[in-house]
Amino acid sequence: MIKYHPSHELLDTFVTGQLPASFSAAIAIHTELCDICRNKVAQLESTHANNTFTSVADEDHYLTADMLFNDWEMDSLISAITDDTESIHATATTPQSVSFNDTAYQLPRALQHIVLGKQLHVGKLTRSRLDLNEGAIHVSLLHIQAGGCIPNHTHKGSELTLLLEGSFEDEMGTYNKGDFILLNSDHTHSPITKHGCLCYTVVDSPLTFTEGMAKILNPLGNFIY
């Protein structure tokens, strides 16, 4: 059961197309898995559409087919749409998958056409970068094997984690497939997974470890970032 969701404000910004691609992909994946947020997005889309058309009507800006096309253009348009000289064939797409440590995972629709980088391994962590070209914002698929953990850490910026498969837990709770977790520098945690998990992550600064041999662990923070 999904317990952690994007805020209403974040969903609204997603609907109006104002989010960076990394966050838009995260919400698209979450709504693919979450009926609650999928319905909220549909409602927001309807509200924005109604507001747009109401605004246009209030300004007496009515657009009709006659205003856009003359008779010849309209006939040509209809003819082009209904022309059956060429057949349109719909082909089923095969769900794309990715493998981490000999385990295959089906990718969500939002990620199926994004280039995945080379897999890098540190202990029980495996990271593959997604090429979204967003500068300091780094997007990755992060796989943690069963029994793996990330030492206690915080961030100078933000950390978005969307759980694609499996589960993990930290000091704040237990997370399952579909959970959308957005943290910032106010949060400190140490995730651990009993059975393994695959996460979509978005971070804009390296991890800062807060306990233990921090200087030795800092390169791991850069690896995850």
# chains A, B, ... in the order shown; residues from 1 in each chain; ligands from 1

call {"tool": "closest_atom_pairs", "arguments": {"of": "stretch 6-42 of chain A", "to": "stretch 93-114 of chain A", "cutoff": "8 Å", "atoms": "only C-alpha atoms", "output": "Markdown table"}}
result
| residue | atom | partner | partner_atom | distance |
| --- | --- | --- | --- | --- |
| A:Ala25 | CA | A:Ala110 | CA | 5.9 |
| A:Ala28 | CA | A:Ala110 | CA | 6.5 |
| A:Ile29 | CA | A:Ala110 | CA | 6.2 |
| A:Glu32 | CA | A:Pro108 | CA | 7.9 |

call {"tool": "write_last_selection", "arguments": {"atoms": "N, CA and C atoms", "output": "mmCIF file, in the first residue's frame"}}
result
data_model
loop_
_atom_site.group_PDB
_atom_site.id
_atom_site.type_symbol
_atom_site.label_atom_id
_atom_site.label_comp_id
_atom_site.auth_asym_id
_atom_site.auth_seq_id
_atom_site.Cartn_x
_atom_site.Cartn_y
_atom_site.Cartn_z
ATOM 1 N N ALA A 25 9.119 13.152 -14.291
ATOM 2 C CA ALA A 25 9.179 11.703 -14.484
ATOM 3 C C ALA A 25 8.800 10.979 -13.198
ATOM 4 N N ALA A 28 5.074 11.196 -12.813
ATOM 5 C CA ALA A 28 4.428 10.351 -13.813
ATOM 6 C C ALA A 28 4.494 8.884 -13.403
ATOM 7 N N ILE A 29 5.650 8.457 -12.874
ATOM 8 C CA ILE A 29 5.786 7.071 -12.410
ATOM 9 C C ILE A 29 4.873 6.816 -11.209
ATOM 10 N N GLU A 32 1.352 6.448 -12.145
ATOM 11 C CA GLU A 32 1.137 5.178 -12.830
ATOM 12 C C GLU A 32 0.830 4.079 -11.814
#

call {"tool": "select_by_dssp", "arguments": {"residues": "stretch 65-210 of chain A", "states": "strand (DSSP E)", "output": "ChimeraX atom specification"}}
result
/A:97-100,103-106,116-122,125-130,138-144,153-155,159-170,173-176,180-183,197-203,207-209

call {"tool": "write_last_selection", "arguments": {"atoms": "C-alpha atoms", "output": "mmCIF file, in the first residue's frame"}}
result
data_model
loop_
_atom_site.group_PDB
_atom_site.id
_atom_site.type_symbol
_atom_site.label_atom_id
_atom_site.label_comp_id
_atom_site.auth_asym_id
_atom_site.auth_seq_id
_atom_site.Cartn_x
_atom_site.Cartn_y
_atom_site.Cartn_z
ATOM 1 C CA SER A 97 13.413 -3.954 -18.380
ATOM 2 C CA VAL A 98 16.717 -3.423 -16.630
ATOM 3 C CA SER A 99 18.797 -5.941 -14.697
ATOM 4 C CA PHE A 100 20.668 -5.351 -11.455
ATOM 5 C CA THR A 103 17.477 -9.563 -11.185
ATOM 6 C CA ALA A 104 15.310 -8.091 -13.969
ATOM 7 C CA TYR A 105 12.967 -5.179 -13.265
ATOM 8 C CA GLN A 106 10.342 -3.798 -15.626
ATOM 9 C CA LEU A 116 20.687 4.561 -18.797
ATOM 10 C CA GLY A 117 24.339 4.969 -17.944
ATOM 11 C CA LYS A 118 26.873 2.294 -17.009
ATOM 12 C CA GLN A 119 26.211 0.495 -13.756
ATOM 13 C CA LEU A 120 28.662 1.313 -10.963
ATOM 14 C CA HIS A 121 28.991 -0.877 -7.876
ATOM 15 C CA VAL A 122 30.030 -0.147 -4.295
ATOM 16 C CA LEU A 125 24.814 -0.568 -3.897
ATOM 17 C CA THR A 126 24.540 -0.325 -7.677
ATOM 18 C CA ARG A 127 23.840 2.957 -9.441
ATOM 19 C CA SER A 128 22.945 3.704 -13.064
ATOM 20 C CA ARG A 129 22.655 7.350 -14.071
ATOM 21 C CA LEU A 130 19.768 8.610 -16.262
ATOM 22 C CA HIS A 138 21.495 14.042 -10.825
ATOM 23 C CA VAL A 139 18.964 11.326 -11.609
ATOM 24 C CA SER A 140 19.701 7.642 -11.078
ATOM 25 C CA LEU A 141 18.333 4.175 -10.630
ATOM 26 C CA LEU A 142 19.746 2.962 -7.322
ATOM 27 C CA HIS A 143 19.631 -0.730 -6.503
ATOM 28 C CA ILE A 144 20.343 -1.964 -2.977
ATOM 29 C CA HIS A 153 23.360 11.026 6.180
ATOM 30 C CA THR A 154 21.759 14.317 5.250
ATOM 31 C CA HIS A 155 21.861 16.627 2.212
ATOM 32 C CA GLU A 159 16.637 14.169 -2.090
ATOM 33 C CA LEU A 160 13.701 12.605 -3.914
ATOM 34 C CA THR A 161 13.317 8.848 -3.709
ATOM 35 C CA LEU A 162 10.599 6.937 -5.537
ATOM 36 C CA LEU A 163 10.468 3.248 -4.699
ATOM 37 C CA LEU A 164 10.071 1.200 -7.879
ATOM 38 C CA GLU A 165 10.380 -2.281 -6.394
ATOM 39 C CA GLY A 166 10.949 -3.839 -2.989
ATOM 40 C CA SER A 167 10.970 -1.972 0.308
ATOM 41 C CA PHE A 168 13.262 -0.209 2.746
ATOM 42 C CA GLU A 169 12.972 1.489 6.098
ATOM 43 C CA ASP A 170 14.621 4.285 8.045
ATOM 44 C CA GLY A 173 9.076 4.778 8.560
ATOM 45 C CA THR A 174 8.807 1.839 6.156
ATOM 46 C CA TYR A 175 8.491 2.440 2.415
ATOM 47 C CA ASN A 176 7.038 0.216 -0.284
ATOM 48 C CA PHE A 180 7.282 9.112 -3.013
ATOM 49 C CA ILE A 181 9.739 10.453 -0.416
ATOM 50 C CA LEU A 182 11.016 14.033 -0.620
ATOM 51 C CA LEU A 183 13.619 15.082 1.974
ATOM 52 C CA CYS A 197 14.945 -2.569 -3.481
ATOM 53 C CA LEU A 198 15.175 -0.492 -6.651
ATOM 54 C CA CYS A 199 14.731 3.276 -6.372
ATOM 55 C CA TYR A 200 14.452 6.224 -8.744
ATOM 56 C CA THR A 201 16.444 9.012 -7.103
ATOM 57 C CA VAL A 202 16.846 12.737 -7.747
ATOM 58 C CA VAL A 203 19.457 14.697 -5.778
ATOM 59 C CA LEU A 207 25.263 13.047 0.617
ATOM 60 C CA THR A 208 26.855 14.293 3.831
ATOM 61 C CA PHE A 209 27.454 11.506 6.332
#

call {"tool": "closest_residue", "arguments": {"among": "A:Asp204, A:Asn184, A:His5, A:Asp12", "to": "A:Ala42", "atoms": "only C-alpha atoms"}}
result
A:Asp12

call {"tool": "atom_distance", "arguments": {"atom1": "atom CA of A:Phe23", "atom2": "atom CA of A:Ala146"}}
result
27.1 Å

call {"tool": "residues_around", "arguments": {"residues": "A:Ser46", "least_positions_apart": "6", "cutoff": "12 Å", "atoms": "only C-alpha atoms", "output": "MDAnalysis selection string"}}
result
chainID A and resid 12 15:16 39:40 52:53

call {"tool": "decode", "arguments": {"residues": "stretch 191-205 of chain A", "atoms": "N, CA and C atoms", "output": "PDB file, in the first residue's frame"}}
result
ATOM      1  N   PRO A 191      18.782   4.643   5.542  1.00  0.00           N
ATOM      2  CA  PRO A 191      17.929   3.614   4.941  1.00  0.00           C
ATOM      3  C   PRO A 191      18.582   2.236   4.977  1.00  0.00           C
ATOM      4  N   ILE A 192      17.756   1.223   5.184  1.00  0.00           N
ATOM      5  CA  ILE A 192      18.213  -0.162   5.163  1.00  0.00           C
ATOM      6  C   ILE A 192      17.107  -1.019   4.546  1.00  0.00           C
ATOM      7  N   THR A 193      17.507  -2.022   3.772  1.00  0.00           N
ATOM      8  CA  THR A 193      16.518  -2.893   3.141  1.00  0.00           C
ATOM      9  C   THR A 193      16.784  -4.338   3.505  1.00  0.00           C
ATOM     10  N   LYS A 194      15.746  -5.048   3.920  1.00  0.00           N
ATOM     11  CA  LYS A 194      15.884  -6.450   4.304  1.00  0.00           C
ATOM     12  C   LYS A 194      15.926  -7.354   3.084  1.00  0.00           C
ATOM     13  N   HIS A 195      15.108  -7.039   2.078  1.00  0.00           N
ATOM     14  CA  HIS A 195      14.951  -7.932   0.938  1.00  0.00           C
ATOM     15  C   HIS A 195      15.446  -7.332  -0.378  1.00  0.00           C
ATOM     16  N   GLY A 196      15.964  -6.119  -0.337  1.00  0.00           N
ATOM     17  CA  GLY A 196      16.441  -5.471  -1.552  1.00  0.00           C
ATOM     18  C   GLY A 196      15.404  -4.516  -2.122  1.00  0.00           C
ATOM     19  N   CYS A 197      15.873  -3.529  -2.890  1.00  0.00           N
ATOM     20  CA  CYS A 197      14.945  -2.569  -3.481  1.00  0.00           C
ATOM     21  C   CYS A 197      15.598  -1.859  -4.669  1.00  0.00           C
ATOM     22  N   LEU A 198      14.747  -1.314  -5.518  1.00  0.00           N
ATOM     23  CA  LEU A 198      15.175  -0.492  -6.651  1.00  0.00           C
ATOM     24  C   LEU A 198      14.478   0.850  -6.529  1.00  0.00           C
ATOM     25  N   CYS A 199      15.270   1.933  -6.564  1.00  0.00           N
ATOM     26  CA  CYS A 199      14.731   3.276  -6.372  1.00  0.00           C
ATOM     27  C   CYS A 199      15.083   4.189  -7.546  1.00  0.00           C
ATOM     28  N   TYR A 200      14.180   5.097  -7.852  1.00  0.00           N
ATOM     29  CA  TYR A 200      14.452   6.224  -8.744  1.00  0.00           C
ATOM     30  C   TYR A 200      14.804   7.394  -7.839  1.00  0.00           C
ATOM     31  N   THR A 201      15.995   7.958  -8.008  1.00  0.00           N
ATOM     32  CA  THR A 201      16.444   9.012  -7.103  1.00  0.00           C
ATOM     33  C   THR A 201      16.787  10.288  -7.857  1.00  0.00           C
ATOM     34  N   VAL A 202      16.493  11.415  -7.214  1.00  0.00           N
ATOM     35  CA  VAL A 202      16.846  12.737  -7.747  1.00  0.00           C
ATOM     36  C   VAL A 202      17.498  13.518  -6.617  1.00  0.00           C
ATOM     37  N   VAL A 203      18.743  13.926  -6.799  1.00  0.00           N
ATOM     38  CA  VAL A 203      19.457  14.697  -5.778  1.00  0.00           C
ATOM     39  C   VAL A 203      20.202  15.850  -6.453  1.00  0.00           C
ATOM     40  N   ASP A 204      20.369  16.943  -5.713  1.00  0.00           N
ATOM     41  CA  ASP A 204      21.074  18.098  -6.274  1.00  0.00           C
ATOM     42  C   ASP A 204      22.333  18.453  -5.492  1.00  0.00           C
ATOM     43  N   SER A 205      22.767  17.546  -4.601  1.00  0.00           N
ATOM     44  CA  SER A 205      24.025  17.736  -3.877  1.00  0.00           C
ATOM     45  C   SER A 205      24.451  16.399  -3.305  1.00  0.00           C
TER      46      SER A 205
END
